[in-house]
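To be precise, the following lines are entry.pdb, and they hold PDB, C-alpha atoms and all ligand atoms.
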ATOM      1  CA  MET A   1     120.961  92.537 195.822
ATOM      2  CA  ARG A   2     117.455  92.640 197.261
ATOM      3  CA  VAL A   3     117.272  94.234 200.732
ATOM      4  CA  ALA A   4     114.359  94.478 203.164
ATOM      5  CA  ILE A   5     114.380  97.362 205.647
ATOM      6  CA  VAL A   6     112.257  96.578 208.687
ATOM      7  CA  GLY A   7     111.342  99.918 210.257
ATOM      8  CA  ALA A   8     112.079 101.903 207.091
ATOM      9  CA  SER A   9     110.088 105.059 207.926
ATOM     10  CA  GLY A  10     112.164 106.303 210.894
ATOM     11  CA  LYS A  11     115.169 108.580 210.566
ATOM     12  CA  LEU A  12     117.688 105.749 210.497
ATOM     13  CA  GLY A  13     115.466 103.712 208.180
ATOM     14  CA  ARG A  14     115.171 106.462 205.600
ATOM     15  CA  TYR A  15     118.922 107.032 205.559
ATOM     16  CA  MET A  16     119.373 103.290 204.993
ATOM     17  CA  VAL A  17     116.906 103.382 202.098
ATOM     18  CA  GLY A  18     118.971 106.173 200.548
ATOM     19  CA  HIS A  19     122.284 104.334 200.916
ATOM     20  CA  CYS A  20     120.782 101.131 199.467
ATOM     21  CA  LEU A  21     119.374 102.969 196.452
ATOM     22  CA  ASP A  22     122.740 104.688 195.924
ATOM     23  CA  ARG A  23     124.272 101.204 195.639
ATOM     24  CA  GLY A  24     121.651 100.066 193.148
ATOM     25  CA  TYR A  25     119.991  97.627 195.551
ATOM     26  CA  GLU A  26     116.347  96.657 195.200
ATOM     27  CA  VAL A  27     114.601  97.872 198.388
ATOM     28  CA  VAL A  28     111.499  96.629 200.193
ATOM     29  CA  GLY A  29     110.545  98.844 203.139
ATOM     30  CA  LEU A  30     108.305  97.663 205.966
ATOM     31  CA  CYS A  31     106.759 100.253 208.257
ATOM     32  CA  ARG A  32     103.644 100.923 210.263
ATOM     33  CA  GLY A  33     100.749 101.781 207.945
ATOM     34  CA  GLU A  34     100.324 105.266 209.407
ATOM     35  CA  SER A  35     103.987 106.013 208.645
ATOM     36  CA  ALA A  36     104.052 104.929 204.992
ATOM     37  CA  GLY A  37     103.712 108.575 203.875
ATOM     38  CA  LYS A  38     107.188 109.242 205.299
ATOM     39  CA  LEU A  39     108.584 107.115 202.452
ATOM     40  CA  ALA A  40     106.657 108.988 199.726
ATOM     41  CA  SER A  41     109.732 110.922 198.590
ATOM     42  CA  PHE A  42     111.281 107.654 197.338
ATOM     43  CA  GLY A  43     108.306 107.208 194.963
ATOM     44  CA  ASP A  44     108.328 103.988 192.985
ATOM     45  CA  ARG A  45     112.050 103.415 193.586
ATOM     46  CA  ILE A  46     111.141 101.230 196.566
ATOM     47  CA  THR A  47     108.374  98.767 197.413
ATOM     48  CA  VAL A  48     106.530  99.648 200.621
ATOM     49  CA  VAL A  49     104.903  96.939 202.720
ATOM     50  CA  PRO A  50     102.620  98.541 205.323
ATOM     51  CA  GLY A  51     102.498  96.682 208.637
ATOM     52  CA  ARG A  52     103.811  96.536 212.169
ATOM     53  CA  THR A  53     107.347  95.289 212.312
ATOM     54  CA  ASP A  54     106.362  92.675 214.930
ATOM     55  CA  ASP A  55     103.637  91.263 212.666
ATOM     56  CA  PRO A  56     105.028  87.912 211.435
ATOM     57  CA  GLN A  57     102.917  87.940 208.262
ATOM     58  CA  ALA A  58     103.965  91.458 207.286
ATOM     59  CA  VAL A  59     107.616  90.627 207.969
ATOM     60  CA  ALA A  60     107.365  87.373 205.986
ATOM     61  CA  ARG A  61     106.016  89.327 203.023
ATOM     62  CA  ALA A  62     108.741  91.972 203.241
ATOM     63  CA  VAL A  63     111.729  89.623 203.585
ATOM     64  CA  ARG A  64     110.684  87.048 200.985
ATOM     65  CA  GLY A  65     113.536  86.489 198.517
ATOM     66  CA  CYS A  66     115.827  89.013 200.189
ATOM     67  CA  ASP A  67     119.611  88.684 200.330
ATOM     68  CA  GLY A  68     119.826  91.074 203.261
ATOM     69  CA  VAL A  69     117.548  92.416 205.988
ATOM     70  CA  LEU A  70     118.244  95.654 207.902
ATOM     71  CA  THR A  71     116.177  95.864 211.098
ATOM     72  CA  VAL A  72     115.710  98.873 213.368
ATOM     73  CA  LEU A  73     115.182  97.642 216.927
ATOM     74  CA  VAL A  74     113.496 100.260 219.128
ATOM     75  CA  PRO A  75     112.334  99.993 222.733
ATOM     76  CA  TRP A  76     109.132 101.998 222.190
ATOM     77  CA  GLY A  77     105.974 100.821 223.916
ATOM     78  CA  VAL A  78     105.721  98.198 226.641
ATOM     79  CA  ARG A  79     104.304  95.321 224.642
ATOM     80  CA  GLY A  80     107.461  93.632 223.450
ATOM     81  CA  TYR A  81     107.645  95.390 220.078
ATOM     82  CA  ALA A  82     111.414  94.932 219.662
ATOM     83  CA  THR A  83     111.329  91.290 220.754
ATOM     84  CA  GLY A  84     108.431  90.575 218.401
ATOM     85  CA  THR A  85     110.272  92.323 215.576
ATOM     86  CA  ALA A  86     113.477  90.333 216.113
ATOM     87  CA  ARG A  87     111.556  87.064 216.396
ATOM     88  CA  ALA A  88     109.615  87.713 213.187
ATOM     89  CA  VAL A  89     112.786  88.557 211.237
ATOM     90  CA  LEU A  90     114.705  85.543 212.600
ATOM     91  CA  ASP A  91     111.763  83.228 211.850
ATOM     92  CA  HIS A  92     111.019  84.425 208.334
ATOM     93  CA  ALA A  93     114.199  85.702 206.681
ATOM     94  CA  PRO A  94     115.728  83.328 204.141
ATOM     95  CA  PRO A  95     118.319  81.170 205.967
ATOM     96  CA  ALA A  96     121.230  82.471 203.889
ATOM     97  CA  ALA A  97     120.254  86.134 204.224
ATOM     98  CA  ARG A  98     122.567  88.602 205.920
ATOM     99  CA  LEU A  99     120.740  90.111 208.917
ATOM    100  CA  VAL A 100     121.845  93.440 210.402
ATOM    101  CA  PHE A 101     120.091  94.869 213.486
ATOM    102  CA  SER A 102     120.435  98.320 215.076
ATOM    103  CA  CYS A 103     120.483  99.166 218.764
ATOM    104  CA  GLY A 104     122.441 101.325 221.201
ATOM    105  CA  TRP A 105     125.638 100.973 223.231
ATOM    106  CA  HIS A 106     123.577  99.928 226.265
ATOM    107  CA  ILE A 107     123.203  96.434 224.783
ATOM    108  CA  SER A 108     126.091  94.216 225.872
ATOM    109  CA  ARG A 109     126.797  90.937 224.174
ATOM    110  CA  ASP A 110     129.280  89.491 226.650
ATOM    111  CA  GLY A 111     129.060  91.777 229.692
ATOM    112  CA  ARG A 112     132.585  93.104 229.072
ATOM    113  CA  ASP A 113     131.568  96.652 228.141
ATOM    114  CA  ARG A 114     132.750  99.359 230.572
ATOM    115  CA  TYR A 115     130.327 102.247 230.613
ATOM    116  CA  PRO A 116     131.098 105.767 231.872
ATOM    117  CA  TRP A 117     129.079 106.526 235.030
ATOM    118  CA  THR A 118     127.316 109.379 233.217
ATOM    119  CA  PHE A 119     126.074 106.923 230.595
ATOM    120  CA  ARG A 120     124.868 104.489 233.257
ATOM    121  CA  ALA A 121     123.109 107.236 235.179
ATOM    122  CA  GLN A 122     121.319 108.594 232.091
ATOM    123  CA  LEU A 123     120.282 105.089 231.093
ATOM    124  CA  ALA A 124     118.941 104.282 234.557
ATOM    125  CA  VAL A 125     116.876 107.472 234.700
ATOM    126  CA  PHE A 126     115.548 107.104 231.157
ATOM    127  CA  GLY A 127     114.784 103.421 231.674
ATOM    128  CA  LEU A 128     112.855 104.035 234.874
ATOM    129  CA  VAL A 129     110.903 107.082 233.705
ATOM    130  CA  ALA A 130     110.071 105.556 230.327
ATOM    131  CA  ARG A 131     108.834 102.359 231.952
ATOM    132  CA  LEU A 132     106.751 104.186 234.552
ATOM    133  CA  LEU A 133     105.166 106.343 231.842
ATOM    134  CA  ARG A 134     104.777 103.238 229.669
ATOM    135  CA  ILE A 135     106.589 104.993 226.783
ATOM    136  CA  ALA A 136     109.401 102.489 226.347
ATOM    137  CA  ASP A 137     110.990  99.443 227.932
ATOM    138  CA  LEU A 138     114.728  99.010 227.447
ATOM    139  CA  ARG A 139     114.446  95.417 228.669
ATOM    140  CA  ASP A 140     112.482  94.655 225.513
ATOM    141  CA  GLN A 141     115.391  95.749 223.302
ATOM    142  CA  GLU A 142     117.754  93.685 225.503
ATOM    143  CA  GLU A 143     115.580  90.587 225.084
ATOM    144  CA  ALA A 144     115.367  91.180 221.330
ATOM    145  CA  CYS A 145     119.164  91.237 221.105
ATOM    146  CA  ARG A 146     119.538  88.155 223.313
ATOM    147  CA  ARG A 147     117.451  86.277 220.756
ATOM    148  CA  VAL A 148     119.587  87.535 217.906
ATOM    149  CA  PHE A 149     122.831  86.613 219.701
ATOM    150  CA  ALA A 150     121.499  83.074 220.293
ATOM    151  CA  SER A 151     120.541  82.596 216.657
ATOM    152  CA  ASP A 152     122.450  80.610 214.015
ATOM    153  CA  ALA A 153     121.538  83.161 211.336
ATOM    154  CA  ARG A 154     124.209  85.340 209.720
ATOM    155  CA  TRP A 155     123.588  88.330 212.012
ATOM    156  CA  SER A 156     125.367  91.493 213.111
ATOM    157  CA  VAL A 157     124.070  93.788 215.853
ATOM    158  CA  VAL A 158     125.325  97.336 215.281
ATOM    159  CA  ARG A 159     125.463  99.345 218.506
ATOM    160  CA  GLY A 160     125.141 103.075 217.910
ATOM    161  CA  SER A 161     126.616 105.797 220.130
ATOM    162  CA  ASP A 162     124.789 109.105 220.694
ATOM    163  CA  LEU A 163     123.506 110.275 217.338
ATOM    164  CA  GLU A 164     123.482 113.643 215.648
ATOM    165  CA  GLU A 165     122.296 114.969 212.315
ATOM    166  CA  GLY A 166     124.601 116.495 209.720
ATOM    167  CA  ALA A 167     126.628 115.710 206.637
ATOM    168  CA  SER A 168     128.427 112.382 206.405
ATOM    169  CA  ASP A 169     131.916 111.936 207.829
ATOM    170  CA  GLY A 170     132.259 108.523 206.166
ATOM    171  CA  LEU A 171     132.116 104.997 207.517
ATOM    172  CA  PRO A 172     132.270 104.961 211.359
ATOM    173  CA  VAL A 173     135.016 103.015 213.136
ATOM    174  CA  TRP A 174     134.098 100.272 215.581
ATOM    175  CA  SER A 175     135.288  98.269 218.521
ATOM    176  CA  ARG A 176     134.049  95.202 220.386
ATOM    177  CA  HIS A 177     133.599  96.845 223.763
ATOM    178  CA  VAL A 178     132.334 100.151 225.052
ATOM    179  CA  GLY A 179     135.187 101.509 227.176
ATOM    180  CA  ASP A 180     137.769 100.921 224.422
ATOM    181  CA  PRO A 181     139.569 104.274 223.930
ATOM    182  CA  VAL A 182     138.624 104.619 220.267
ATOM    183  CA  LEU A 183     134.948 104.958 221.249
ATOM    184  CA  ALA A 184     135.386 107.604 223.946
ATOM    185  CA  SER A 185     133.879 110.471 221.936
ATOM    186  CA  ASN A 186     130.476 108.710 221.920
ATOM    187  CA  ARG A 187     129.112 110.484 218.846
ATOM    188  CA  THR A 188     128.102 109.369 215.365
ATOM    189  CA  LYS A 189     126.220 111.080 212.562
ATOM    190  CA  ARG A 190     122.940 109.268 212.024
ATOM    191  CA  ILE A 191     123.577 109.149 208.262
ATOM    192  CA  ASP A 192     126.845 107.286 209.006
ATOM    193  CA  PHE A 193     125.184 104.835 211.394
ATOM    194  CA  ALA A 194     122.962 103.971 208.422
ATOM    195  CA  LEU A 195     126.034 103.691 206.190
ATOM    196  CA  PHE A 196     127.616 101.215 208.612
ATOM    197  CA  MET A 197     124.413  99.130 208.681
ATOM    198  CA  VAL A 198     124.289  98.968 204.879
ATOM    199  CA  SER A 199     128.031  98.288 204.537
ATOM    200  CA  ALA A 200     127.713  95.415 207.016
ATOM    201  CA  LEU A 201     125.489  93.584 204.516
ATOM    202  CA  THR A 202     128.541  92.834 202.410
ATOM    203  CA  ASP A 203     131.165  92.644 205.176
ATOM    204  CA  ASP A 204     131.456  89.033 206.285
ATOM    205  CA  SER A 205     134.014  89.967 208.933
ATOM    206  CA  LEU A 206     131.093  91.419 210.912
ATOM    207  CA  VAL A 207     129.053  88.193 210.949
ATOM    208  CA  HIS A 208     128.329  87.287 214.596
ATOM    209  CA  GLU A 209     129.829  90.553 215.811
ATOM    210  CA  ALA A 210     128.161  93.339 217.834
ATOM    211  CA  PRO A 211     130.286  96.329 216.794
ATOM    212  CA  ALA A 212     129.992  99.489 218.898
ATOM    213  CA  ILE A 213     130.529 102.400 216.521
ATOM    214  CA  VAL A 214     131.768 105.992 216.672
ATOM    215  CA  GLY A 215     132.162 108.708 214.035
ATOM    216  CA  ARG A 216     135.440 108.383 212.131
ATOM    217  CA  ARG A 217     136.244 112.112 212.506
ATOM    218  CA  THR A 218     135.594 112.298 216.258
ATOM    219  CA  PRO A 219     138.622 113.058 218.485
ATOM    220  CA  SER A 220     138.786 109.532 219.952
ATOM    221  CA  ALA A 221     138.631 107.905 216.521
ATOM    222  CA  LEU A 222     141.271 110.241 215.091
ATOM    223  CA  GLU A 223     143.571 109.488 218.027
ATOM    224  CA  HIS A 224     143.098 105.737 218.378
ATOM    225  CA  ALA A 225     141.836 104.224 215.093
ATOM    226  CA  HIS A 226     144.534 102.577 213.001
TER     227      HIS A 226
HETATM  228  N1  LIG B 301     118.504 108.264 219.169
HETATM  229  C1  LIG B 301     119.740 108.008 219.582
HETATM  230  O1  LIG B 301     120.480 108.898 220.060
HETATM  231  C2  LIG B 301     120.300 106.616 219.457
HETATM  232  C3  LIG B 301     121.540 106.344 220.048
HETATM  233  C4  LIG B 301     122.092 105.082 219.875
HETATM  234  C5  LIG B 301     121.424 104.113 219.155
HETATM  235  N2  LIG B 301     120.194 104.401 218.614
HETATM  236  C6  LIG B 301     119.528 103.334 217.864
HETATM  237  O2  LIG B 301     119.292 103.833 216.563
HETATM  238  C7  LIG B 301     118.149 103.205 216.015
HETATM  239  C8  LIG B 301     117.253 104.273 215.458
HETATM  240  O3  LIG B 301     116.864 105.131 216.511
HETATM  241  P1  LIG B 301     116.471 106.641 216.280
HETATM  242  O4  LIG B 301     116.377 107.257 217.652
HETATM  243  O5  LIG B 301     117.391 107.251 215.282
HETATM  244  O6  LIG B 301     115.001 106.579 215.761
HETATM  245  P2  LIG B 301     114.396 106.477 214.305
HETATM  246  O7  LIG B 301     115.422 106.120 213.316
HETATM  247  O8  LIG B 301     113.623 107.713 214.052
HETATM  248  O9  LIG B 301     113.427 105.240 214.412
HETATM  249  C9  LIG B 301     112.353 105.179 215.288
HETATM  250  C10 LIG B 301     111.574 103.934 214.877
HETATM  251  O10 LIG B 301     110.688 103.628 215.925
HETATM  252  C11 LIG B 301     109.392 103.479 215.397
HETATM  253  N3  LIG B 301     108.444 103.886 216.432
HETATM  254  C12 LIG B 301     108.296 105.112 216.969
HETATM  255  N4  LIG B 301     107.338 105.083 217.911
HETATM  256  C13 LIG B 301     106.905 103.794 217.963
HETATM  257  C14 LIG B 301     105.924 103.114 218.741
HETATM  258  N5  LIG B 301     105.206 103.742 219.664
HETATM  259  N6  LIG B 301     105.746 101.798 218.525
HETATM  260  C15 LIG B 301     106.475 101.158 217.597
HETATM  261  N7  LIG B 301     107.402 101.753 216.832
HETATM  262  C16 LIG B 301     107.618 103.054 217.015
HETATM  263  C17 LIG B 301     109.361 104.370 214.184
HETATM  264  O11 LIG B 301     108.361 103.950 213.341
HETATM  265  P3  LIG B 301     107.351 104.996 212.635
HETATM  266  O12 LIG B 301     108.119 105.618 211.509
HETATM  267  O13 LIG B 301     106.242 104.135 212.214
HETATM  268  O14 LIG B 301     106.967 106.026 213.688
HETATM  269  C18 LIG B 301     110.760 104.135 213.632
HETATM  270  O15 LIG B 301     110.819 102.967 212.847
HETATM  271  C19 LIG B 301     117.542 102.365 217.141
HETATM  272  O16 LIG B 301     117.929 101.032 216.983
HETATM  273  C20 LIG B 301     118.168 102.954 218.400
HETATM  274  O17 LIG B 301     118.268 101.989 219.439
HETATM  275  C21 LIG B 301     119.632 105.613 218.758
END
File written out as structure tokens:
Amino acid sequence: MRVAIVGASGKLGRYMVGHCLDRGYEVVGLCRGESAGKLASFGDRITVVPGRTDDPQAVARAVRGCDGVLTVLVPWGVRGYATGTARAVLDHAPPAARLVFSCGWHISRDGRDRYPWTFRAQLAVFGLVARLLRIADLRDQEEACRRVFASDARWSVVRGSDLEEGASDGLPVWSRHVGDPVLASNRTKRIDFALFMVSALTDDSLVHEAPAIVGRRTPSALEHAH
């Protein structure tokens, strides 16, 4: 299996590289040129394509011949980086490729998520401050996901809860809607978010799903997961 990782140099990206290599996949990592050094520890076990993830030519080069594409969607900047990234991947990935995108719980596919007020308040404050300071624009990540949801490609959008570092607890559990009891703990190890992304490449039951995930050893998962 040949897998492209779009946004490979970030924390989630590097965990995904590791999981892919563990499975014997061939990996092509796309990242901003100035960040390529962050992938140096993988040496010649991966191919690095330097370039912005919203650059259609760089994305086309990275995804050529791939069976799967893992894309990190981030709201950083105010110039539509996430939307440009999603558009480039949707336009250039091979039609049969499995596409898996990352985002947060704040993205809702069908408007049926029920968010705790604390979550909504934090999101509102972060969204406003980040936009005013021109650091990030959450609306960009929302638009990126809208484009993915409207696409005929074989996509999944994995919605991460609050993340923490630490040793793996195994594959996270998931549910369709935030507010479902199994998700209440709102915590996932970042290494396991990456594991879920990589596992989704070969899980056809997740095609056209936007799973919201939570760590499998969190209290809510232990109580409510079957
Ligand atoms: N952090 C959380 O608690 C949390 C919670 C839920 C979901 N998520 C989701 O998890 C995924 C990974 O997030 P993360 O927080 O763990 O971060 P991360 O994996 O470290 O990834 C950050 C990414 O953003 C890129 N980036 C940073 N600054 C940028 C800029 N100014 N312009 C363009 N790209 C920039 C980085 O590229 P370089 O390597 O080139 O800097 C890297 O690819 C995202 O999809 C996020 O929505 C995160």
Expand the PyMOL selection byres (((not hetatm)) within 9 of (chain B and resi 301)) into the explicit residue set it covers here, and present it as a PyMOL selection string. chain A and resi 6-15+31-36+38+52-54+71-78+81-82+101-106+135-136+141+158-164+187-188+190+193-194
Give me, as a Markdown table, the closest atom pair and its distance (Å, one decimal) for every residue of region 22-123 of chain A within a cut-off of 8 Å of region 169-180 of chain A, counting all atoms listed in the file, rows sorted by chain and rising number.
| residue | atom | partner | partner_atom | distance |
| --- | --- | --- | --- | --- |
| A:Trp105 | CA | A:Val178 | CA | 7.0 |
| A:Arg112 | CA | A:His177 | CA | 6.6 |
| A:Asp113 | CA | A:Val178 | CA | 4.7 |
| A:Arg114 | CA | A:Gly179 | CA | 4.7 |
| A:Tyr115 | CA | A:Gly179 | CA | 6.0 |
| A:Pro116 | CA | A:Gly179 | CA | 7.5 |
Dump C-alpha atoms for the selected residues as a compact mmCIF listing (two decimals), in the coordinates of the input?
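To be explicit, this is the file written out as part-v3.txt:
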# COMPACT_ATOMS: atom_id res chain seq x y z
CA TRP A 105 125.64 100.97 223.23
CA ARG A 112 132.58 93.10 229.07
CA ASP A 113 131.57 96.65 228.14
CA ARG A 114 132.75 99.36 230.57
CA TYR A 115 130.33 102.25 230.61
CA PRO A 116 131.10 105.77 231.87
Contacts of Gly43 (chain A) within 12 Å, all atoms listed in the file, excl. fewer than 5 positions in-chain, as number ranges by chain: A: 17, 21, 27, 29, 36-38, 48
Hey, which of A:Val148, A:Ala93, A:Leu201, A:Val182 ends up closest to Glu223 (chain A)? Count only C-alpha atoms.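 Smallest separation from Glu223 (chain A) among the options: A:Val182.
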Excluding Val3 (chain A) and its own-chain neighbours fewer than 6 positions away, which residues fall within 8 Å of it when counting only C-alpha atoms? Please give them as a VMD selection string. chain A and resid 20 25 to 28 63 66 to 70
Which of A:Arg79, A:His208, A:Arg87, A:His224 sits closest to Arg139 (chain A) [using all atoms listed in the file]: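 When distances to Arg139 (chain A) are compared using all atoms listed in the file, the smallest one comes from A:Arg79.
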As an exercise, work out the distance from CA of Met16 (chain A) to CA of Asp152 (chain A) in Å and give it to one decimal place.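 Interatomic distance, CA of Met16 (chain A) to CA of Asp152 (chain A): 24.6 Å.
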Using the chain letters and residue numbers of this document, give as an mmCIF file with C-alpha atoms, keeping the file's coordinate frame the residues selected by the PyMOL selection byres (((chain A and resi 127) around 12) and not hetatm).
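So the final result, stored in result-v5.cif, reads:
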data_model
loop_
_atom_site.group_PDB
_atom_site.id
_atom_site.type_symbol
_atom_site.label_atom_id
_atom_site.label_comp_id
_atom_site.auth_asym_id
_atom_site.auth_seq_id
_atom_site.Cartn_x
_atom_site.Cartn_y
_atom_site.Cartn_z
ATOM 1 C CA PRO A 75 112.334 99.993 222.733
ATOM 2 C CA TRP A 76 109.132 101.998 222.190
ATOM 3 C CA VAL A 78 105.721 98.198 226.641
ATOM 4 C CA HIS A 106 123.577 99.928 226.265
ATOM 5 C CA PHE A 119 126.074 106.923 230.595
ATOM 6 C CA ARG A 120 124.868 104.489 233.257
ATOM 7 C CA ALA A 121 123.109 107.236 235.179
ATOM 8 C CA GLN A 122 121.319 108.594 232.091
ATOM 9 C CA LEU A 123 120.282 105.089 231.093
ATOM 10 C CA ALA A 124 118.941 104.282 234.557
ATOM 11 C CA VAL A 125 116.876 107.472 234.700
ATOM 12 C CA PHE A 126 115.548 107.104 231.157
ATOM 13 C CA LEU A 128 112.855 104.035 234.874
ATOM 14 C CA VAL A 129 110.903 107.082 233.705
ATOM 15 C CA ALA A 130 110.071 105.556 230.327
ATOM 16 C CA ARG A 131 108.834 102.359 231.952
ATOM 17 C CA LEU A 132 106.751 104.186 234.552
ATOM 18 C CA LEU A 133 105.166 106.343 231.842
ATOM 19 C CA ARG A 134 104.777 103.238 229.669
ATOM 20 C CA ILE A 135 106.589 104.993 226.783
ATOM 21 C CA ALA A 136 109.401 102.489 226.347
ATOM 22 C CA ASP A 137 110.990 99.443 227.932
ATOM 23 C CA LEU A 138 114.728 99.010 227.447
ATOM 24 C CA ARG A 139 114.446 95.417 228.669
ATOM 25 C CA ASP A 140 112.482 94.655 225.513
ATOM 26 C CA GLN A 141 115.391 95.749 223.302
ATOM 27 C CA GLU A 142 117.754 93.685 225.503
#
Might I get the box with edges along x, y and z of the file that holds all atoms of region 160-174 of chain A listed there, padded by 6 Å on every side, given as centre and edge lengths in Å to one decimal, as lines of an AutoDock Vina configuration file?
center_x = 128.7
center_y = 108.4
center_z = 213.4
size_x = 24.7
size_y = 28.2
size_z = 26.5
What is the CA of Val89 (chain A)-CA of Ile213 (chain A) distance in Å, reported with one decimal?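 Separation of CA of Val89 (chain A) and CA of Ile213 (chain A): 23.1 Å.
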CA of Val207 (chain A) and CA of Ser156 (chain A) are how many Å apart?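 Computing the Euclidean distance for CA of Val207 (chain A) and CA of Ser156 (chain A) yields 5.4 Å.
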So what does the PyMOL selection byres (((chain A and resi 220) around 10) and not hetatm) actually pick up in this one, as a list in words?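 Applied to this file, the PyMOL selection byres (((chain A and resi 220) around 10) and not hetatm) returns Asp180, Pro181, Val182, Leu183, Ala184, Ser185, Asn186, Arg187, Val214, Gly215, Arg216, Arg217, Thr218, Pro219, Ala221, Leu222, Glu223, His224 and Ala225 of chain A.
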Out of A:Val198, A:Trp117, A:Ala88, A:Ser41, which residue has the shortest atom-to-atom distance to Ile5 (chain A) when counting all atoms listed in the file?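 Ranking A:Val198, A:Trp117, A:Ala88, A:Ser41 by distance to Ile5 (chain A), first place goes to A:Val198.
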